[in-house]
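Q: Take a look at this one; I'll ask things after.
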Amino acid sequence: LPAAVLLKDTKLMDVKLGQLPSWLAMRDFTPGGIAGAFRRGYERYYNKYINVKKGGLGGISMVLAGYVVLSYIWSYSHI
Amino acid sequence: MLSRLVLRAAPAALRALPPPPVAVGVLHATRQLHTTQQSLAPLPPLPEKGGEVRHGLIPEEFFQFLYPKTGVTGPYMLGTGLILYLLSKEIYVVNHETVAAACILSVIIYGIKKFGPDVAAFADKLNEEKMAKALAVKNEAIEGLQAAIEEEKKEQWRVEGRSYLFDAKRNNVAMLLEANYRERLMMVYNEVKKRLDYQVAMQTLKRQKEQDYMIQWVEKNVVQSITPQQQKESIAKCILDLKALSRSAQAA
């Protein structure tokens with residue numbers, strides 16, 4: 001089947017629900033792999049929202065909103 | 001230049017090599033050598049606008065994701081339900097911080113709505129200036145290089161004319177030599193003519209002198225030879241002749 005792609009190469013949105021555990025198990029969990037995943041995520045966000053000619057407000061406001069939510073979660077027990 | 005050719009041929013030659021043997025491992029059999037000409041320049045231009053974000057907080061892709069199943073109001077209903085759930089279950093606690101957050105957010109949003117476009121225009125202007133400067137530098141460099149190309153072509157054309165220059169110089173030299181030769185020829189001719197004239201003049205002079213001397217000598221001898229007796233006889237004859245002539249004249 002030349003059209004079939006290996007499971008480890010599919011993107012997350014294309015993985016069927018039943019294949020999810022095996023897909024997660026195949027991911028690269030070495031420190032280098034995790035650092036690579038962070039870098040890839042950062043590059044995707046940066047190139048989509050910030051590294052453009054006419055960037056808008058959404059680029060940084062989403063980051064700040066995420067920071068707000070995260071700090072609320074971390075300090076929930078103190079409320 | 002030849003080294004550049006070798007460098008160009010190297011990736012093609014490397015591609016022509018067979019892929020590494022399969023015995024190394026199953027993983028390597030699927031790896032491909034670089035098949036595309038990846039180059040870092042010129043970079044592709046930046047995209048004009050970033051990803052769409054609605055209300056400054058939620059990416060547009062979320063709304064498109066829910067559109068087929070729930071239509072346009074789906075995400076808003078989801079948002080309302082989520083907020084009510086958080087409030088009712090006290091996952092989000094309403095206290096003094098809520099009031100502070102509300103005031104701060106309202107001020108921020110008012111400021112953004114009022115001054116947003118101006119700040120955006122200012123930032124765009126700064127960007128434009130940067131781009132214009134870079135473009136100007138690039139254009140100047142290109143123009144300078146083209147001018148250099150023109151100059152180079154002109155120099156090459158001038159080099160072609162060098163052969164004409166040497167021909168002209170050779171002609172000049174030949175003409176000088178010719179003129180010099182003719183001058184000397186003329187001088188030789190004049191000198192020889194002078195000497196020959198001298199000889200001729202000598203000869204004519206000598207002959208004239210001889211002639212004069214001979215005439216003089218003949219005259220002298222003749223005069224000497226006329227003895228007094230002959231002189232008397234000749235005078236008497238002349239007188240007789242004169243008388244005869246006068247008689248004939250008288251008679252006529």
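So you can find residues: chains in the structure tokens are A, B, ... in the order shown, residues in each start at 1, and ligands are numbered from 1 in order.
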Using only C-alpha atoms, determine which residues of chain A fall within 12 Å of chain B; present them as a PyMOL selection string.
A: chain A and resi 6+13+44-66+68-69+72-73+75-79
Q: Let me see the file: selected residues, N, CA, C and O atoms, as a compact mmCIF listing (two decimals), in the first residue's frame.
A:
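Output contents, as saved in selection07.txt:
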```
# COMPACT_ATOMS: atom_id res chain seq x y z
N LEU A 6 3.00 5.66 7.62
CA LEU A 6 3.28 5.06 8.91
C LEU A 6 2.60 5.83 10.02
O LEU A 6 2.44 7.05 9.94
N MET A 13 -4.22 15.48 14.38
CA MET A 13 -5.62 15.64 13.98
C MET A 13 -6.09 14.50 13.09
O MET A 13 -7.28 14.29 12.93
N ARG A 44 6.09 27.19 15.32
CA ARG A 44 4.79 27.27 14.65
C ARG A 44 4.05 28.52 15.07
O ARG A 44 3.52 29.27 14.25
N TYR A 45 3.98 28.75 16.39
CA TYR A 45 3.23 29.93 16.86
C TYR A 45 3.89 31.20 16.36
O TYR A 45 3.22 32.12 15.89
N TYR A 46 5.23 31.26 16.45
CA TYR A 46 5.94 32.47 16.08
C TYR A 46 5.74 32.80 14.61
O TYR A 46 5.44 33.93 14.23
N ASN A 47 5.88 31.75 13.75
CA ASN A 47 5.79 32.03 12.33
C ASN A 47 4.37 32.32 11.89
O ASN A 47 4.15 32.90 10.84
N LYS A 48 3.37 31.87 12.70
CA LYS A 48 2.00 32.12 12.27
C LYS A 48 1.50 33.47 12.72
O LYS A 48 0.77 34.13 11.99
N TYR A 49 1.86 33.90 13.94
CA TYR A 49 1.22 35.10 14.49
C TYR A 49 2.14 36.29 14.65
O TYR A 49 1.66 37.40 14.74
N ILE A 50 3.44 36.09 14.73
CA ILE A 50 4.32 37.21 15.06
C ILE A 50 5.25 37.59 13.91
O ILE A 50 5.46 38.76 13.63
N ASN A 51 5.77 36.56 13.18
CA ASN A 51 6.76 36.86 12.15
C ASN A 51 6.06 37.17 10.84
O ASN A 51 6.28 36.52 9.84
N VAL A 52 5.21 38.22 10.85
CA VAL A 52 4.47 38.60 9.65
C VAL A 52 4.66 40.09 9.44
O VAL A 52 5.13 40.80 10.33
N LYS A 53 4.25 40.55 8.27
CA LYS A 53 4.46 41.96 7.94
C LYS A 53 3.55 42.84 8.78
O LYS A 53 3.97 43.83 9.34
N LYS A 54 2.24 42.50 8.82
CA LYS A 54 1.32 43.31 9.61
C LYS A 54 0.76 42.46 10.72
O LYS A 54 -0.33 41.90 10.60
N GLY A 55 1.53 42.30 11.79
CA GLY A 55 1.03 41.53 12.92
C GLY A 55 -0.05 42.30 13.65
O GLY A 55 -0.10 43.51 13.65
N GLY A 56 -0.94 41.56 14.27
CA GLY A 56 -2.05 42.22 14.96
C GLY A 56 -1.92 42.07 16.46
O GLY A 56 -0.87 41.68 17.00
N LEU A 57 -3.04 42.37 17.14
CA LEU A 57 -3.03 42.28 18.60
C LEU A 57 -3.02 40.84 19.06
O LEU A 57 -2.46 40.50 20.10
N GLY A 58 -3.67 39.94 18.29
CA GLY A 58 -3.87 38.57 18.73
C GLY A 58 -2.58 37.84 19.07
O GLY A 58 -2.57 36.96 19.93
N GLY A 59 -1.48 38.23 18.42
CA GLY A 59 -0.23 37.52 18.63
C GLY A 59 0.18 37.48 20.09
O GLY A 59 0.40 36.42 20.68
N ILE A 60 0.31 38.67 20.71
CA ILE A 60 0.75 38.70 22.10
C ILE A 60 -0.41 38.52 23.06
O ILE A 60 -0.25 37.97 24.16
N SER A 61 -1.62 38.94 22.68
CA SER A 61 -2.74 38.85 23.63
C SER A 61 -3.04 37.41 23.96
O SER A 61 -3.39 37.08 25.10
N MET A 62 -2.86 36.49 22.98
CA MET A 62 -3.11 35.08 23.29
C MET A 62 -2.09 34.56 24.28
O MET A 62 -2.40 33.79 25.19
N VAL A 63 -0.85 35.00 24.13
CA VAL A 63 0.19 34.57 25.07
C VAL A 63 -0.10 35.09 26.47
O VAL A 63 -0.01 34.35 27.47
N LEU A 64 -0.53 36.36 26.55
CA LEU A 64 -0.82 36.94 27.87
C LEU A 64 -2.03 36.27 28.50
O LEU A 64 -2.04 35.99 29.71
N ALA A 65 -3.05 35.98 27.66
CA ALA A 65 -4.24 35.31 28.20
C ALA A 65 -3.86 33.93 28.72
O ALA A 65 -4.31 33.51 29.81
N GLY A 66 -3.01 33.21 27.96
CA GLY A 66 -2.57 31.92 28.43
C GLY A 66 -1.82 32.02 29.75
O GLY A 66 -1.99 31.22 30.67
N VAL A 68 -2.21 34.36 32.00
CA VAL A 68 -3.19 34.67 33.07
C VAL A 68 -3.87 33.40 33.54
O VAL A 68 -3.98 33.13 34.76
N VAL A 69 -4.33 32.60 32.55
CA VAL A 69 -5.05 31.37 32.92
C VAL A 69 -4.14 30.44 33.71
O VAL A 69 -4.54 29.86 34.73
N TYR A 72 -3.62 31.60 37.18
CA TYR A 72 -4.82 31.37 38.01
C TYR A 72 -4.90 29.92 38.46
O TYR A 72 -5.22 29.62 39.60
N ILE A 73 -4.57 29.02 37.51
CA ILE A 73 -4.62 27.59 37.87
C ILE A 73 -3.62 27.29 38.98
O ILE A 73 -3.91 26.58 39.95
N SER A 75 -2.44 29.28 41.23
CA SER A 75 -2.72 29.89 42.53
C SER A 75 -4.16 29.64 43.00
O SER A 75 -4.64 30.31 43.89
N TYR A 76 -4.82 28.62 42.36
CA TYR A 76 -6.22 28.38 42.75
C TYR A 76 -6.36 27.94 44.19
O TYR A 76 -7.31 28.31 44.88
N SER A 77 -5.39 27.15 44.66
CA SER A 77 -5.51 26.63 46.02
C SER A 77 -5.34 27.73 47.07
O SER A 77 -5.76 27.54 48.22
N HIS A 78 -4.78 28.86 46.68
CA HIS A 78 -4.58 29.92 47.66
C HIS A 78 -5.80 30.82 47.80
O HIS A 78 -5.83 31.69 48.67
N ILE A 79 -6.78 30.62 46.90
CA ILE A 79 -7.92 31.53 46.95
C ILE A 79 -8.86 31.09 48.07
O ILE A 79 -9.12 29.89 48.22
```
Q: I need the helix (DSSP H, G or I) residues of region 7-215 of chain B per DSSP on the backbone, written as a ChimeraX atom specification.
A: /B:7-16,22-24,26-29,60-70,74-88,96-160,162-215
Q: In Å, how far is it from CA of Arg27 (chain A) to CA of Asp14 (chain A)?
A: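 We find that CA of Arg27 (chain A) and CA of Asp14 (chain A) lie 15.0 Å from each other.
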Q: For the atom pair CA of Gly71 (chain B) and CA of Leu105 (chain B), what is the interatomic distance in Å to one decimal place?
A: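 CA of Leu105 (chain B) lies 29.6 Å from CA of Gly71 (chain B).
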Q: Out of region 48-193 of chain B, which residues get strand (DSSP E or B) from DSSP, as a ChimeraX atom specification?
A: /B:49,53-54,58-59
